[in-house]
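Enquirer: My structure is below; once you've seen it, I'll send some questions.
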Amino acid sequence: MKFLNNIPLKTSLVFIIIMILLNTSYYLHYKSLLEENQKEKMALLYNSIKTNMEQTAAGEQFVEDLIGENLRMASIAAKMNLDPDINNIDNEDLVKLKRIIGVDEITLFTQTGDDIVGQKSSDPKDRNVSSKGWDHYFNAFQQLFARQTVDVGIGQSLPNYWSGPRDTATTSQTEINKWGYYFDGTTNYIINPFVHDTNFRKYQKVTGVEDTINRLMKDNPHTALNVSVLNSDKLLDHTLPENFPTPSNWFSAREIYFGTYDYRDPEEQKYAQLALTKDTTIYYVTESNGLSVMKSFTPIHNSYLKYNAFSSPPLIAITSDYTEINSILHKHLMQIIWFMSVCTLLVLVIMSTILWIFKRNKEHALQDVQEAYVGNIETLFQSVREQRHDFINHIQTIHGFLALKNYDELKKYTNALVGEIRVVNELVNLKDPPLIALIQAKYAQAESLHIQFEYDFKHMELLKTSPIKATDVVKMLSNLIDNAFDATSDLEAGNRIVTVKGKIQNNQLDFLVRNTGSMIPLEVRSQIFESGFSSKTTGKNSGLGLHIVKQLVTRYKGSIQLRSEASFTEFLISIPLTSAK
């Protein structure tokens with residue numbers, strides 16, 4: 001308990017708060033570094049995906065465009081083998097023709113009123129199918145019939161020809177086809193050969209984007225839980241400007257173009273939209289499937305993945321395991337707590353030890369002052385007791401002189417008695433108990449040393465409200481008086497005179513201590529206030545008294561002046577009470 005009593009509560013609380021703030025700042029900085037490191041890994045993974053995807057997508061685009069060009073050649077071959085009038089063509093002719101030119105099916109579209117209809121086809125499901133609800137395809141057909149270069153924002157446009165991206169077949173939801181459309185004005189129909197994408201998907205599985213993502217995930221197991229290329233419009237529930245919205249089960253309307261996306265969270269739409277709006281990578285930490293994960297969304301501008309002219313850029317989504325970071329942070333937090341606890345304990349022990357040493361030294365200093373102070377008070381009380389004890393003797397003596405009618409002796413006796421009473425009254429009028437005790441003690445000491453001790457004080461009651469400690473006043477005066485007593489020791493008894501004056505005026509305290517005696521040599525005056533210096537080989541102070549006085553005067557921002565002539569030496573102390581500390 002004594003150990004705890006030595007610890008300053010407020011200082012300790014301030015230190016602990018500072019330690020908590022510093023360690024919290026360090027913890028957050030360390031957390032930020034770990035997150036930045038994880039982001040850098042994810043960014044590297046994204047760049048690898050983006051680079052590989054651009055290269056792979058370019059290859060896929062080339063292959064798909066090559067298929068489109070082959071379908072154009074197949075269309076031209078079909079035109080050469082078909083009658084220019086659709087009414088002279090039979091569906092069976094198209095069945096035979098598809099085998100000759102090497103396509104899966106052939107459909108012929110004609111204009112019927114405000115619609116464009118697949119009137120003849122080698123596939124019975126595609127006969128009499130309206131294209132009016134096919135949006136971009138219907139617009140492309142109109143432009144072909146108008147002999148214009150097709151420009152609908154997507155697909156492959158060649159002379160008299162347009163090919164749309166691979167997509168789900170309207171007449172068969174299980175098929176994904178690649179179509180080509182040709183019209184050069186020599187027929188009254190658009191020739192539409194198409195192939196199933198079975199072979200293309202085989203190529204894509206071996207060398208495509210899907211394979212690239214799988215290899216990168218395998219090479220970065222700690223960085224990527226999921227990597228996917230997402231249809232941002234589907235993810236964000238965007239409604240595209242279509243007269244007939246694409247069915248959600250179509251290939252072009254799928255949410256995940258490539259990869260897997262298993263880690264969903266409630267805030268994904270907000271951060272995905274932010275990534276599109278700022279056109280940059282957005283990172284955030286969330287909970288998904290019972291795991292703490294870091295996710296990122298990055299827009300990728302690639303026309304190859306565009307199935308609608310009004311589509312938003314796809315998003316590359318990377319999901320990383322954040323539990324490893326949490327584990328490191330938890331371990332680091334425990335280390336910080338232990339470190340902070342040990343540092344706090346050490347600092348408290350050090351503070352307690354320093355305060356204990358300071359308190360002990362202070363107590364010793366106070367004890368020394370108190371002993372001097374108590375000694376002075378005791379001397380005063382002793383004098384009062386002696387005077388009280390002698391009071392009856394004085395009365396009896398006065399009574400004896402009166403009985404003998406020896407008035408001359410009575411007068412002498414009472415004059416001496418009145419002098420003693422005057423001294424006591426003057427001391428009481430000082431109105432400062434420490435000063436009264438000091439002067440009374442020094443007065444008694446002066447009598448024993450046969451020194452004529454004179455004093456004069458004015459307004460000393462103001463010391464009580466001044467910033468100067470009573471103990472420091474006692475130290476300064478007692479050291480100067482002791483020094484003065486010591487300086488008169490070599491003189492004859494009748495020549496030993498010490499005078500002490502003090503006054504408080506205009507917010508300034510002045511003390512003057514003068515003694516008779518030899519002049520202090522000029523060559524030693526500059527050293528007189530140094531610790532241990534003394535011009536005498538005897539004496540009680542041995543060079544410490546004036547050094548102590550100088551230190552106290554300096555502490556209170558005052559000044560001390562020495563004046564020494566042939567017959568006297570005096571010290572004048574001046575201390576401003578307004579700025580004293």
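Letters A, B, ... go to the chains of the structure tokens in the order shown; residues in each chain start at 1; ligands are counted from 1 in the same order.
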Can you pull out every residue within 7 Å of A:Leu577, counting only C-alpha atoms, but drop anything in the same chain fewer than 3 positions away, and send it as a ChimeraX atom specification?
Expert: /A:466-467,507-509,580
Enquirer: What's the 10 Å shell around A:Phe141, counting only C-alpha atoms, without same-chain residues fewer than 6 positions away, as a list of chain:residue names?
Expert: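 Using only C-alpha atoms, the neighbours found are A:Phe109, A:Thr110, A:Gln111, A:Ile116, A:Ser131, A:Lys132, A:Arg147, A:Gln148, A:Val150, A:Tyr161, A:Trp162, A:Tyr181, A:Tyr182, A:Phe183, A:Ile190.
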Enquirer: Rounded to one decimal place, report the atom CA of A:Ser564-atom CA of A:Phe453 distance in Å.
Expert: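 Separating atom CA of A:Ser564 from atom CA of A:Phe453 is a distance of 19.0 Å.
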Enquirer: Based on DSSP run over this structure's backbone, return all residues of stretch 15-186 of chain A in strand (DSSP E or B), as a VMD selection string.
Expert: chain A and resid 105 to 112 115 to 121 129 to 130 156 to 158 161 to 163 167 to 168 176 to 179 181 to 182
Enquirer: Closest to A:Asp104 among A:Val500, A:Leu158, A:Val195, A:Leu355, using only C-alpha atoms?
Expert: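 Smallest separation from A:Asp104 among the options: A:Val195.
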Enquirer: Tell me, in Å to one decimal, how far atom CA of A:Ser122 is from atom CA of A:Gly155.
Expert: 23.9 Å
Enquirer: Which of these residues is nearest to A:Phe138, using only C-alpha atoms: A:Val209, A:Asn243, A:Val63, A:Thr174?
Expert: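 Of all the options, A:Asn243 lies closest to A:Phe138.
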Enquirer: Of the residues A:Arg127, A:His136, A:His301, A:Arg496, which is the one nearest to A:Pro245, using only C-alpha atoms?
Expert: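 Residue with the minimum atom-to-atom distance to A:Pro245: A:His136.
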Enquirer: Taking only C-alpha atoms into account, which of A:Val498, A:Leu522, A:Met73, A:Leu315 comes nearest A:Leu236?
Expert: A:Leu315
Enquirer: With distances taken over only C-alpha atoms, which of A:Glu287, A:Asp279, A:Glu409, A:Asp83 is nearest to A:Pro299?
Expert: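 With only C-alpha atoms as the atom set, the closest residue is A:Asp279.
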Enquirer: For A:Gln156, find every residue with an atom within 10 Å (counting only C-alpha atoms), except residues of its own chain fewer than 4 positions away, and show them as a list in words.
Expert: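 Once the adjacent positions are removed, what remains is Glu64, Asp65, Gly68, Glu69, Val150, Asp151, Val152, Tyr161, Trp162, Ser163, Gly164, Pro165 and Gly180 of chain A.
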Enquirer: Output N, CA and C atoms for every residue in the selection just made, as a compact mmCIF listing (two decimals), in the first residue's frame.
Expert:
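What ended up in out-v3.txt:
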```
# COMPACT_ATOMS: atom_id res chain seq x y z
N GLU A 64 -13.39 -16.29 -82.66
CA GLU A 64 -14.81 -16.05 -82.91
C GLU A 64 -15.01 -15.26 -84.20
N ASP A 65 -14.13 -14.27 -84.43
CA ASP A 65 -14.22 -13.51 -85.68
C ASP A 65 -13.93 -14.41 -86.88
N GLY A 68 -16.93 -16.15 -87.58
CA GLY A 68 -17.85 -15.24 -88.27
C GLY A 68 -17.52 -15.11 -89.74
N GLU A 69 -16.23 -15.01 -90.05
CA GLU A 69 -15.82 -14.91 -91.44
C GLU A 69 -16.14 -16.20 -92.20
N VAL A 150 -23.86 -2.42 -91.07
CA VAL A 150 -24.52 -2.65 -89.78
C VAL A 150 -23.71 -2.00 -88.65
N ASP A 151 -24.40 -1.21 -87.85
CA ASP A 151 -23.76 -0.55 -86.70
C ASP A 151 -24.77 -0.54 -85.55
N VAL A 152 -24.72 -1.59 -84.73
CA VAL A 152 -25.64 -1.68 -83.59
C VAL A 152 -24.87 -1.73 -82.26
N TYR A 161 -22.74 -8.01 -94.41
CA TYR A 161 -22.73 -9.11 -93.43
C TYR A 161 -22.63 -8.57 -92.01
N TRP A 162 -23.29 -9.29 -91.10
CA TRP A 162 -23.15 -8.98 -89.67
C TRP A 162 -23.29 -10.29 -88.90
N SER A 163 -22.42 -10.42 -87.84
CA SER A 163 -22.48 -11.62 -87.00
C SER A 163 -22.56 -11.17 -85.55
N GLY A 164 -23.55 -11.68 -84.83
CA GLY A 164 -23.71 -11.34 -83.42
C GLY A 164 -22.85 -12.21 -82.52
N PRO A 165 -22.65 -11.81 -81.25
CA PRO A 165 -21.87 -12.63 -80.32
C PRO A 165 -22.60 -13.92 -80.00
N GLY A 180 -24.45 -15.98 -88.34
CA GLY A 180 -24.00 -15.02 -89.34
C GLY A 180 -25.18 -14.64 -90.23
```
Enquirer: Name the residues of stretch 177-372 of chain A that come out as helix (DSSP H, G or I) in a backbone DSSP run; write them as a PyMOL selection string.
Expert: chain A and resi 198-207+209-219+232-235+251-253+268-278+303-305+323-372
Enquirer: Restricted to C-alpha atoms, what would the selected residues look like written as a PDB file, in the first residue's frame?
Expert:
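Final output, selection_6.pdb:
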```pdb
ATOM      1  CA  THR A 198     -19.333 -26.856 -78.832  1.00  0.00           C
ATOM      2  CA  ASN A 199     -15.921 -26.728 -80.470  1.00  0.00           C
ATOM      3  CA  PHE A 200     -15.355 -23.118 -79.359  1.00  0.00           C
ATOM      4  CA  ARG A 201     -16.060 -24.034 -75.748  1.00  0.00           C
ATOM      5  CA  LYS A 202     -13.501 -26.841 -75.967  1.00  0.00           C
ATOM      6  CA  TYR A 203     -10.935 -24.322 -77.162  1.00  0.00           C
ATOM      7  CA  GLN A 204     -11.945 -21.905 -74.425  1.00  0.00           C
ATOM      8  CA  LYS A 205     -11.646 -24.536 -71.720  1.00  0.00           C
ATOM      9  CA  VAL A 206      -8.063 -25.323 -72.698  1.00  0.00           C
ATOM     10  CA  THR A 207      -6.700 -21.842 -73.453  1.00  0.00           C
ATOM     11  CA  VAL A 209     -10.146 -16.961 -69.626  1.00  0.00           C
ATOM     12  CA  GLU A 210     -11.651 -19.667 -67.436  1.00  0.00           C
ATOM     13  CA  ASP A 211      -8.435 -21.682 -67.584  1.00  0.00           C
ATOM     14  CA  THR A 212      -6.368 -18.558 -66.835  1.00  0.00           C
ATOM     15  CA  ILE A 213      -8.407 -17.797 -63.704  1.00  0.00           C
ATOM     16  CA  ASN A 214      -8.151 -21.376 -62.457  1.00  0.00           C
ATOM     17  CA  ARG A 215      -4.369 -21.396 -62.863  1.00  0.00           C
ATOM     18  CA  LEU A 216      -3.955 -18.048 -61.082  1.00  0.00           C
ATOM     19  CA  MET A 217      -6.133 -19.155 -58.166  1.00  0.00           C
ATOM     20  CA  LYS A 218      -4.097 -22.343 -57.858  1.00  0.00           C
ATOM     21  CA  ASP A 219      -0.868 -20.326 -57.784  1.00  0.00           C
ATOM     22  CA  SER A 232     -22.056  -5.706 -63.610  1.00  0.00           C
ATOM     23  CA  ASP A 233     -25.541  -4.976 -64.993  1.00  0.00           C
ATOM     24  CA  LYS A 234     -26.828  -8.287 -63.670  1.00  0.00           C
ATOM     25  CA  LEU A 235     -25.054  -7.836 -60.325  1.00  0.00           C
ATOM     26  CA  PHE A 251     -25.837 -16.934 -71.989  1.00  0.00           C
ATOM     27  CA  SER A 252     -25.475 -13.150 -72.460  1.00  0.00           C
ATOM     28  CA  ALA A 253     -27.532 -12.419 -69.308  1.00  0.00           C
ATOM     29  CA  GLU A 268     -21.514  -5.775 -52.619  1.00  0.00           C
ATOM     30  CA  GLN A 269     -23.815  -3.704 -54.835  1.00  0.00           C
ATOM     31  CA  LYS A 270     -22.762  -0.454 -53.131  1.00  0.00           C
ATOM     32  CA  TYR A 271     -19.052  -1.112 -53.638  1.00  0.00           C
ATOM     33  CA  ALA A 272     -19.516  -2.515 -57.157  1.00  0.00           C
ATOM     34  CA  GLN A 273     -21.377   0.638 -58.191  1.00  0.00           C
ATOM     35  CA  LEU A 274     -18.659   2.760 -56.575  1.00  0.00           C
ATOM     36  CA  ALA A 275     -16.020   0.933 -58.616  1.00  0.00           C
ATOM     37  CA  LEU A 276     -17.964   1.627 -61.841  1.00  0.00           C
ATOM     38  CA  THR A 277     -18.592   5.274 -60.929  1.00  0.00           C
ATOM     39  CA  LYS A 278     -14.951   5.982 -60.054  1.00  0.00           C
ATOM     40  CA  SER A 303     -15.543  -5.053 -75.962  1.00  0.00           C
ATOM     41  CA  TYR A 304     -15.234  -8.810 -76.385  1.00  0.00           C
ATOM     42  CA  LEU A 305     -17.415  -9.294 -73.285  1.00  0.00           C
ATOM     43  CA  THR A 323      -8.839 -14.186 -41.221  1.00  0.00           C
ATOM     44  CA  GLU A 324      -5.057 -14.489 -41.573  1.00  0.00           C
ATOM     45  CA  ILE A 325      -4.712 -10.724 -41.188  1.00  0.00           C
ATOM     46  CA  ASN A 326      -7.076 -10.810 -38.201  1.00  0.00           C
ATOM     47  CA  SER A 327      -4.974 -13.574 -36.656  1.00  0.00           C
ATOM     48  CA  ILE A 328      -1.759 -11.559 -37.117  1.00  0.00           C
ATOM     49  CA  LEU A 329      -3.452  -8.428 -35.769  1.00  0.00           C
ATOM     50  CA  HIS A 330      -4.782 -10.309 -32.741  1.00  0.00           C
ATOM     51  CA  LYS A 331      -1.323 -11.686 -31.986  1.00  0.00           C
ATOM     52  CA  HIS A 332       0.193  -8.244 -32.465  1.00  0.00           C
ATOM     53  CA  LEU A 333      -2.470  -6.685 -30.248  1.00  0.00           C
ATOM     54  CA  MET A 334      -1.597  -9.116 -27.461  1.00  0.00           C
ATOM     55  CA  GLN A 335       2.069  -8.163 -27.839  1.00  0.00           C
ATOM     56  CA  ILE A 336       1.160  -4.483 -27.666  1.00  0.00           C
ATOM     57  CA  ILE A 337      -0.925  -5.031 -24.516  1.00  0.00           C
ATOM     58  CA  TRP A 338       1.922  -6.915 -22.840  1.00  0.00           C
ATOM     59  CA  PHE A 339       4.445  -4.307 -23.936  1.00  0.00           C
ATOM     60  CA  MET A 340       2.230  -1.462 -22.726  1.00  0.00           C
ATOM     61  CA  SER A 341       1.608  -3.219 -19.402  1.00  0.00           C
ATOM     62  CA  VAL A 342       5.324  -3.843 -18.790  1.00  0.00           C
ATOM     63  CA  CYS A 343       6.243  -0.279 -19.799  1.00  0.00           C
ATOM     64  CA  THR A 344       3.476   1.140 -17.611  1.00  0.00           C
ATOM     65  CA  LEU A 345       4.597  -0.954 -14.648  1.00  0.00           C
ATOM     66  CA  LEU A 346       8.253   0.025 -15.134  1.00  0.00           C
ATOM     67  CA  VAL A 347       7.387   3.710 -15.468  1.00  0.00           C
ATOM     68  CA  LEU A 348       5.181   3.582 -12.382  1.00  0.00           C
ATOM     69  CA  VAL A 349       7.989   1.924 -10.419  1.00  0.00           C
ATOM     70  CA  ILE A 350      10.498   4.505 -11.655  1.00  0.00           C
ATOM     71  CA  MET A 351       8.091   7.372 -10.924  1.00  0.00           C
ATOM     72  CA  SER A 352       7.378   5.975  -7.487  1.00  0.00           C
ATOM     73  CA  THR A 353      11.101   5.603  -6.740  1.00  0.00           C
ATOM     74  CA  ILE A 354      11.884   9.130  -7.942  1.00  0.00           C
ATOM     75  CA  LEU A 355       8.995  10.574  -5.950  1.00  0.00           C
ATOM     76  CA  TRP A 356      10.033   8.584  -2.886  1.00  0.00           C
ATOM     77  CA  ILE A 357      13.597   9.922  -3.148  1.00  0.00           C
ATOM     78  CA  PHE A 358      12.294  13.443  -3.749  1.00  0.00           C
ATOM     79  CA  LYS A 359       9.884  13.166  -0.853  1.00  0.00           C
ATOM     80  CA  ARG A 360      12.595  11.815   1.444  1.00  0.00           C
ATOM     81  CA  ASN A 361      14.986  14.633   0.532  1.00  0.00           C
ATOM     82  CA  LYS A 362      12.195  17.155   0.948  1.00  0.00           C
ATOM     83  CA  GLU A 363      11.313  15.705   4.331  1.00  0.00           C
ATOM     84  CA  HIS A 364      14.961  15.905   5.384  1.00  0.00           C
ATOM     85  CA  ALA A 365      15.170  19.519   4.230  1.00  0.00           C
ATOM     86  CA  LEU A 366      11.906  20.382   5.992  1.00  0.00           C
ATOM     87  CA  GLN A 367      13.118  18.597   9.090  1.00  0.00           C
ATOM     88  CA  ASP A 368      16.289  20.681   9.132  1.00  0.00           C
ATOM     89  CA  VAL A 369      14.318  23.905   8.730  1.00  0.00           C
ATOM     90  CA  GLN A 370      11.742  22.739  11.240  1.00  0.00           C
ATOM     91  CA  GLU A 371      14.442  21.967  13.782  1.00  0.00           C
ATOM     92  CA  ALA A 372      15.869  25.471  13.364  1.00  0.00           C
TER      93      ALA A 372
END
```
Enquirer: Do you have the atom CA of A:Lys178-atom CA of A:Asp197 distance handy?
Expert: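 Atom-to-atom, atom CA of A:Lys178 to atom CA of A:Asp197, that is 6.5 Å.
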Enquirer: Pick out the residues sitting within 9 Å of A:Val229, and hand them over as a ChimeraX atom specification; count only C-alpha atoms, and ignore anything fewer than 3 positions along from it in its own chain.
Expert: /A:232,255-261,300,314-318
Enquirer: Keeping C-alpha atoms, export the residues of the selection given above as a PDB file, in the first residue's frame.
Expert:
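Below is the file out28.pdb, written as the result:
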```pdb
ATOM      1  CA  SER A 232     -22.056  -5.706 -63.610  1.00  0.00           C
ATOM      2  CA  GLU A 255     -24.188 -12.904 -63.829  1.00  0.00           C
ATOM      3  CA  ILE A 256     -20.832 -14.698 -63.797  1.00  0.00           C
ATOM      4  CA  TYR A 257     -18.990 -14.621 -67.103  1.00  0.00           C
ATOM      5  CA  PHE A 258     -15.921 -16.505 -65.846  1.00  0.00           C
ATOM      6  CA  GLY A 259     -14.692 -17.996 -62.571  1.00  0.00           C
ATOM      7  CA  THR A 260     -16.744 -18.480 -59.404  1.00  0.00           C
ATOM      8  CA  TYR A 261     -18.438 -16.015 -57.077  1.00  0.00           C
ATOM      9  CA  ILE A 300     -12.430  -3.939 -67.108  1.00  0.00           C
ATOM     10  CA  PRO A 314     -17.700  -6.069 -66.572  1.00  0.00           C
ATOM     11  CA  LEU A 315     -16.124  -6.272 -63.104  1.00  0.00           C
ATOM     12  CA  ILE A 316     -13.235  -8.422 -62.002  1.00  0.00           C
ATOM     13  CA  ALA A 317     -14.067  -9.515 -58.441  1.00  0.00           C
ATOM     14  CA  ILE A 318     -11.381 -10.937 -56.153  1.00  0.00           C
TER      15      ILE A 318
END
```
Enquirer: Residues at most 12 Å from A:Ala446, counting only C-alpha atoms, excluding those fewer than 2 positions away in the same chain, as a list in words?
Expert: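 Surrounding residues, per the criterion: Ile439, Gln440, Ala441, Lys442, Tyr443, Ala444, Ser448, Leu449, His450, Ile451, Gln452, Phe453, Glu454, Tyr455, Ile481, Asp482, Ala484, Phe485, Asp486, Thr488, Ser489, Ala493, Arg496, Ile497, Val498 and Thr499 of chain A.
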